[in-house]
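Read the structure below first, then the notes.
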Amino acid sequence: MGGVIGACLFLSTRTPQIDSRTRLTFLDAIAFVFPVGLAFGRVGCALAHDHPGTITTFPLAISLQTPTAQTFIRGVYDAAGRPLPAVASNMGFHDLGLYECLFLIFVVIPAFRYWDRRPREPGFYLVAFAVLYLPVRFALDVLRVADVRYLRLTPGQWIAAFTLAALPLLVMDRRKVRFAVTGTIILATAWACWGGPR
């Protein structure tokens with residue numbers, strides 16, 4: 001977000017002669033390559049287990065069979081003030097960095113490469129990234145254990161929800177459709193907030 005704000009400030013102050021369509025083209029070029037850079041970053045997150053989630057029997061979970069892994073996840077649960085279930089040693093924990101990395105590599109990047117076969121309107125990849133990535137990020141954050149929450153949502157979930165709610169206002173022409181889509185996103189966020197873990 002800081003990079004986008006910095007780019008917007010640069011384009012508005014240092015290059016005032018450039019029209020808005022050209023500025024959007026620059027931002028769209030950044031959006032097109034951003035998933036690749038983010039995927040590399042998430043490889044690091046996965047290797048360091050920076051974003052541990054709840055314990056699970058999911059096949060891609062990180063095994064808790066070693067004492068080191070058990071100590072690590074116990075520390076995560078302790079930081080959250082939650083008890084670690086006794087059966088944890090036979091399970092694993094969700095690695096949200098790994099899941100996000102796999103999603104970027106196998107879904108977002110191939111989709112962008114496919115869409116790049118023909119010219120797109122400026123802003124296409126900005127919107128496409130938001131539509132593909134933000135719902136997944138919102139869903140994965142439900143699995144977080146020790147992250148701070150505001151009204152039961154993580155900061156990442158709030159950013160995802162507000163961005164998705166704002167998208168219809170930016171890209172749709174029909175007022176009723178914009179209102180309906182934005183309202184649906186707000187209601188879905190409220191439902192997730194109400195139904196999420198306490």
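Each chain of the structure tokens is named A, B, ... in the order shown, its residues numbered from 1; ligands are numbered from 1 in display order.
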
Which residues of range 64-136 of chain A come within 10 Å of range 31-39 of chain A, and what is each one's closest atom pair and distance in Å (one decimal), counting only C-alpha atoms, sorted by chain and residue number, as CSV?
residue,atom,partner,partner_atom,distance
A:Gly97,CA,A:Ala39,CA,9.2
A:Leu98,CA,A:Ala39,CA,9.4
A:Glu100,CA,A:Ala39,CA,7.7
A:Cys101,CA,A:Ala39,CA,5.1
A:Leu102,CA,A:Ala39,CA,8.0
A:Phe103,CA,A:Ala39,CA,8.7
A:Leu104,CA,A:Ala39,CA,5.9
A:Ile105,CA,A:Ala39,CA,6.7
A:Val108,CA,A:Pro35,CA,7.0
A:Ile109,CA,A:Pro35,CA,6.4
A:Phe112,CA,A:Phe32,CA,7.0
A:Arg113,CA,A:Phe32,CA,9.0
A:Asp116,CA,A:Phe32,CA,9.0
A:Gly123,CA,A:Ala31,CA,8.6
A:Phe124,CA,A:Ala31,CA,9.0
A:Tyr125,CA,A:Phe32,CA,5.7
A:Leu126,CA,A:Ala31,CA,5.4
A:Val127,CA,A:Ala31,CA,8.9
A:Ala128,CA,A:Ala31,CA,9.0
A:Phe129,CA,A:Ala31,CA,7.2
A:Ala130,CA,A:Ala31,CA,9.6
A:Tyr133,CA,A:Pro35,CA,9.2

TODO: Choose the residue, out of A:Trp158, A:Tyr77, A:Phe10, A:Phe40, that has the smallest atom-to-atom separation from Ile55 in chain A; count only C-alpha atoms.
DONE: A:Tyr77

TODO: Once DSSP has gone over the backbone, tell me which residues of chain A are in helix (DSSP H, G or I), as an NGL selection string.
DONE: :A and (2-13 or 20-48 or 67-80 or 86-90 or 96-115 or 124-141 or 155-171 or 175-195)

Task: All residues 8 Å or closer to Val76 in chain A, only C-alpha atoms, same chain fewer than 5 positions away omitted, as a PyMOL selection string - done: chain A and resi 52+145-146

Just the selected residues (N, CA and C atoms), exported as a compact mmCIF listing (two decimals), in the first residue's frame, please.
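Saved file again-v3.txt follows:
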# COMPACT_ATOMS: atom_id res chain seq x y z
N PRO A 52 2.01 -18.74 10.99
CA PRO A 52 1.41 -20.01 11.40
C PRO A 52 -0.09 -19.87 11.67
N VAL A 145 -3.68 -17.50 14.33
CA VAL A 145 -3.86 -17.78 15.75
C VAL A 145 -3.58 -16.55 16.61
N ALA A 146 -2.40 -15.97 16.45
CA ALA A 146 -1.94 -14.95 17.39
C ALA A 146 -2.02 -13.53 16.87

Task: Top pick for closest residue to Arg149 in chain A, considering A:Ala61, A:Ala80, A:Ala88, A:Leu9 and counting only C-alpha atoms - done: A:Ala80

Open item on the list: Applying 12 Å and only C-alpha atoms, which residues near Asp147 in chain A remain after dropping the ones on its own chain fewer than 3 positions away? List them as a PyMOL selection string.
Closed with: chain A and resi 50-54+76-77+79-81+141-144+150+152-157

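We find CA of Arg14 in chain A and CA of Ile30 in chain A to be spaced 18.1 Å apart.
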